[in-house]
Structure formats: structure tokens, C-alpha cells
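Asks: Quick one: the structure is below, questions incoming.
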Amino acid sequence: MSFAILKKLGAVAAILAIAWLIYVYRQVPHDKTPFAKMADQADQIILEQGTRRLTFHRESGVWKVGTSTGPFYAADIEVVKPLISGMKNLQIEDEISERSDRAGDYDLTPELGYRVRLLNAQGGVLAEGIFGKQAPDYGHVYFRYPDKPEVYLARGVVRGDLGRLEQNIWRSRQLIDIPETKIENIVIEGKGFKSDLVRVSTDVWMLNGQPADPAPVNALIGILAHLKANEFIDPAVNPTLTYESLTEAYVGIKGADRSAEIRFGAPDAKSKRYPISVGKESGLAWLSEDVAKAILKRPSNFTLKK
């Protein structure tokens with residue numbers, strides 16, 4: 001065999017060796033923190049398990065959460081924060097399996113695994129991974145990349161911080177977005193009464209055209225400005241409760257630059273709570289009987305004592 005042929009074979013062998021090394025290198029995740037740089041840049045977060053999916057997207061700095069079939073609602077930032085911080089803190093450690101048939105042992109199959117994807121505003125994938133069950137030491141979680149069979153131990157994320165794929169768990173329970181100092185008018189209408197409260201100055205209110213006692217008015221303002229739902233109503237579980245069925249009472253709130261409404265349905269005697277809504281697009285929620293009664297005040301509750 002001539003020297004020229006040997007030289008060519010050596011060059012081909014070298015190229016194949018380099019190609020193999022590149023292939024092997026690309027199969028091993030050298031980025032031990034795959035989500036860290038992208039967590040703050042993401043405009044969308046998608047959580048998937050089997051056929052279920054939740055999507056978060058950021059609008060003007062506010063996270064909203066929705067399903068593929070339903071509307072998007074404001075998300076509770078205090079619930080979303082652990083998810084984002086968990087992604088930032090995630091560190092990939094030891095590889096413990098490279099067998100695809102062992103994925104079920106670690107809850108890393110499509111049906112059992114919890115897939116997280118970070119996307120930019122255009123829908124481009126920034127980072128993604130599948131999270132399995134918590135490891136026996138409770139300090140690690142099992143993890144794999146969607147297109148690779150290898151299973152790794154990862155720390156920085158607790159499986160519970162990823163939440164569940166139930167939209168209402170992630171929703172903000174804050175119902176009214178008007179600061180106390182900016183509420184200027186409150187109208188309460190119930191069966192047989194109407195309380196129309198108008199702010200004249202900082203501490204002066206009028207009730208149906210007459211001076212009102214500021215103490216109960218201020219108490220009412222505090223309740224409304226910080227009003228939170230006890231829980232949201234699933235229309236599949238309560239099909240008879242609709243926005244149109246909430247005719248028990250009505251509260252209108254006007255602020256300096258925005259307004260809000262609350263519609264009340266008939267109270268549920270068994271659970272001692274009222275179905276309410278702050279708008280058709282917001283769905284329905286439950287409010288405790290004590291809080292509802294503290295809002296639905298008659299004119300006599302605000303009248304100045306002589």
C-alpha cells in the first residue's frame with residue numbers, strides 16, 4: 001500500500017475520530033444549569049404532563065395563566081416565584097442511568113414526568129427539561145432532557161414547587177385592584193336597599209346625599225381594597241352557577257382611574273359562603289359569609305349617630 005493511500009486513510013480516520021468526539025460531547029449536557037440564564041428572559045412558561053398543559057405568558061410585566069381551551073387569568077406571583085427561582089437554581093449532577101426503558105422508574109415518562117419549557121415572546125424554546133419524582137434523599141429530583149434517555153440527579157428544585165396542572169391553583173385570588181386612597185364611590189344594592197357612598201374629601205363621605213359616618217365607610221374600603229377569593233368555582237363542578245345567576249346583590253366601586261364590580265349570588269347555606277364574580281371574563285369565586293355580610297351593608301350601617 002502506497003504512502004499516499006496510507007496518508008489519506010489516516011486523514012479520514014482522524015476526521016471520523018473528531019466527528020465521533022463531537023457527537024459524544026454533544027450527547028453529554030455540559031451546561032449544568034440549563035435554565036439559569038433563561039428564567040428571567042422567558043416570556044412564556046409551559047408546563048405539561050401527558051395530555052394536560054398550562055401556559056404562562058407575561059403581559060406588561062404581569063404573569064397570566066391559562067389552558068389551551070380556556071381564558072387566561074392573572075397569576076399569583078407568590079405562587080409563580082418558586083417555579084421561576086427553582087428553574088434558576090437547578091443544577092444537573094450525576095448521571096444515574098442511560099437506559100430509556102428505565103424512565104418509568106423515575107417518573108420520567110411523558111405520562112408521569114413534568115415537562116417545563118421556557119419560551120421567548122416569539123415562541124422559540126430557550127430551555128426545557130423533564131422532571132421526575134423526588135429522590136429518596138429529598139434533596140434531589142430526577143431529571144432528563146426531552147430528546148435524550150439519560151437520567152440525572154438534579155438539585156435546586158423541589159417537585160412540589162412545580163405545582164400541579166390545575167389553573168385555579170396558580171391564579172391570583174386578589175379580586176379588586178383599586179387602592180384604598182383612590183376609591184371615590186361605592187354603590188351597594190341588595191334586596192330592598194341601596195347604599196350610595198360618595199367621597200367628598202379625604203375623610204368626608206356622603207350616604208345617599210346625607211353625611212355618612214366615616215368609620216364604617218373606612219372599614220368597608222379596607223375590605224374591598226384587599227378583597228380575596230376563598231377559592232375559584234369550577235363550572236364543571238357547579239354548572240348551575242353562572243355569571244347571570246348572581247342576582248342576590250351588586251356592589252359597584254369607582255376609583256380615580258378605574259372601576260370594578262362585584263355580583264353576589266344566593267348564599268350556600270351548607271358551606272356558609274357566597275358565589276361572586278368581578279366580571280364575566282373573570283369567572284366565579286367563593287367568598288365567605290362573614291366577609292360578604294361585611295360588604296353588603298344597608299344605609300343604616302353608615303348613618304351618623306345623633
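We label chains A, B, ... in the order they appear in the C-alpha cells, count residues from 1 in each chain, and number ligands from 1 in the order shown.
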Output as JSON, numbers by chain all residues of range 54-206 of chain A that backbone DSSP marks as helix (DSSP H, G or I).
Replies: {"A": [77, 78, 79, 80, 81, 82, 83, 84, 85, 86, 87, 88, 89, 100, 101, 102, 103, 104, 105, 106, 159, 160, 161, 162, 167, 168, 169, 170, 180, 181, 182]}
Asks: Determine, counting only C-alpha atoms, which protein, DNA and RNA residues have an atom within 12 Å of an atom of Asp268 in chain A; residues of the same chain fewer than 6 positions away are not included. Present the result as a VMD selection string.
Replies: chain A and resid 238 241 248 274 to 276 286 to 289 292
Asks: Compile the contact shell of range 108-123 of chain A as an MDAnalysis selection string: residues with an atom at most 10 Å away, counting only C-alpha atoms, same-chain residues fewer than 3 positions apart removed.
Replies: chainID A and resid 35 38:58 83:84 87 100:105 126:133 142:146 149 151 159 162:165
Asks: Residues near Arg263 in chain A, anyone? I mean within 9 Å using only C-alpha atoms, not counting same-chain ones fewer than 6 positions away, as an MDAnalysis selection string.
Replies: chainID A and resid 243 246:252 275:279
Asks: I need the residues in range 221-272 of chain A that are strand (DSSP E or B) according to DSSP; give them as number ranges by chain.
Replies: A: 228, 231-232, 249-255, 259-264, 268
Asks: With N, CA and C atoms retained, could you export that selection as a PDB file, in the first residue's frame?
Replies:
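Final file, again-v5.pdb:
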ATOM      1  N   LYS A 228     -60.034  39.165  48.680  1.00  0.00           N
ATOM      2  CA  LYS A 228     -59.508  37.977  48.021  1.00  0.00           C
ATOM      3  C   LYS A 228     -60.546  36.866  48.020  1.00  0.00           C
ATOM      4  N   GLU A 231     -61.721  30.638  47.132  1.00  0.00           N
ATOM      5  CA  GLU A 231     -61.315  29.715  46.080  1.00  0.00           C
ATOM      6  C   GLU A 231     -62.163  29.980  44.851  1.00  0.00           C
ATOM      7  N   PHE A 232     -61.709  29.502  43.701  1.00  0.00           N
ATOM      8  CA  PHE A 232     -62.444  29.731  42.464  1.00  0.00           C
ATOM      9  C   PHE A 232     -63.402  28.570  42.191  1.00  0.00           C
ATOM     10  N   ALA A 249     -77.138  40.405  45.030  1.00  0.00           N
ATOM     11  CA  ALA A 249     -76.712  41.770  45.366  1.00  0.00           C
ATOM     12  C   ALA A 249     -75.649  42.223  44.376  1.00  0.00           C
ATOM     13  N   TYR A 250     -75.413  43.528  44.394  1.00  0.00           N
ATOM     14  CA  TYR A 250     -74.435  44.122  43.473  1.00  0.00           C
ATOM     15  C   TYR A 250     -73.667  45.209  44.211  1.00  0.00           C
ATOM     16  N   VAL A 251     -72.351  45.269  43.961  1.00  0.00           N
ATOM     17  CA  VAL A 251     -71.513  46.327  44.516  1.00  0.00           C
ATOM     18  C   VAL A 251     -70.693  46.926  43.378  1.00  0.00           C
ATOM     19  N   GLY A 252     -70.801  48.234  43.206  1.00  0.00           N
ATOM     20  CA  GLY A 252     -70.004  48.927  42.210  1.00  0.00           C
ATOM     21  C   GLY A 252     -68.989  49.820  42.904  1.00  0.00           C
ATOM     22  N   ILE A 253     -67.754  49.775  42.468  1.00  0.00           N
ATOM     23  CA  ILE A 253     -66.684  50.584  43.056  1.00  0.00           C
ATOM     24  C   ILE A 253     -66.057  51.430  41.968  1.00  0.00           C
ATOM     25  N   LYS A 254     -65.987  52.732  42.191  1.00  0.00           N
ATOM     26  CA  LYS A 254     -65.338  53.631  41.239  1.00  0.00           C
ATOM     27  C   LYS A 254     -64.101  54.242  41.884  1.00  0.00           C
ATOM     28  N   GLY A 255     -63.007  54.206  41.158  1.00  0.00           N
ATOM     29  CA  GLY A 255     -61.774  54.805  41.627  1.00  0.00           C
ATOM     30  C   GLY A 255     -61.423  56.018  40.800  1.00  0.00           C
ATOM     31  N   SER A 259     -62.523  51.291  37.620  1.00  0.00           N
ATOM     32  CA  SER A 259     -63.727  50.892  38.352  1.00  0.00           C
ATOM     33  C   SER A 259     -63.791  49.373  38.417  1.00  0.00           C
ATOM     34  N   ALA A 260     -64.670  48.875  39.286  1.00  0.00           N
ATOM     35  CA  ALA A 260     -64.835  47.434  39.450  1.00  0.00           C
ATOM     36  C   ALA A 260     -66.254  47.149  39.907  1.00  0.00           C
ATOM     37  N   GLU A 261     -66.649  45.904  39.800  1.00  0.00           N
ATOM     38  CA  GLU A 261     -67.969  45.482  40.265  1.00  0.00           C
ATOM     39  C   GLU A 261     -67.863  44.124  40.924  1.00  0.00           C
ATOM     40  N   ILE A 262     -68.805  43.857  41.804  1.00  0.00           N
ATOM     41  CA  ILE A 262     -68.923  42.531  42.409  1.00  0.00           C
ATOM     42  C   ILE A 262     -70.385  42.133  42.351  1.00  0.00           C
ATOM     43  N   ARG A 263     -70.648  40.998  41.756  1.00  0.00           N
ATOM     44  CA  ARG A 263     -72.010  40.465  41.739  1.00  0.00           C
ATOM     45  C   ARG A 263     -72.070  39.288  42.687  1.00  0.00           C
ATOM     46  N   PHE A 264     -73.121  39.257  43.493  1.00  0.00           N
ATOM     47  CA  PHE A 264     -73.300  38.212  44.505  1.00  0.00           C
ATOM     48  C   PHE A 264     -74.471  37.307  44.126  1.00  0.00           C
ATOM     49  N   ASP A 268     -74.754  29.915  49.920  1.00  0.00           N
ATOM     50  CA  ASP A 268     -74.869  28.477  50.086  1.00  0.00           C
ATOM     51  C   ASP A 268     -74.940  28.189  51.584  1.00  0.00           C
TER      52      ASP A 268
END
Asks: Near range 176-186 of chain A, within 10 Å and counting only C-alpha atoms, which residues show up once chain neighbours fewer than 3 positions away are dropped, as a ChimeraX atom specification?
Replies: /A:173,189,195-202,205-207,217-218,220-228,251-262,278
Asks: Using only C-alpha atoms, pick whichever of A:Pro216, A:Asp94, A:Val237, A:Glu281 has the shortest atom-to-atom distance to Leu296 in chain A.
Replies: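 Using only C-alpha atoms, Leu296 in chain A sits closest to A:Pro216.
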Asks: Find the residue from A:Trp170, A:Tyr106, A:Phe302, A:Tyr152 that sits nearest to Val80 in chain A; use only C-alpha atoms when measuring.
Replies: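 Answer, going by the shortest atom-to-atom distance: A:Trp170.
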Asks: Rounded to one decimal place, report the CA of Val187 in chain A-CA of Arg298 in chain A distance in Å.
Replies: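 So the answer is 10.6 Å.
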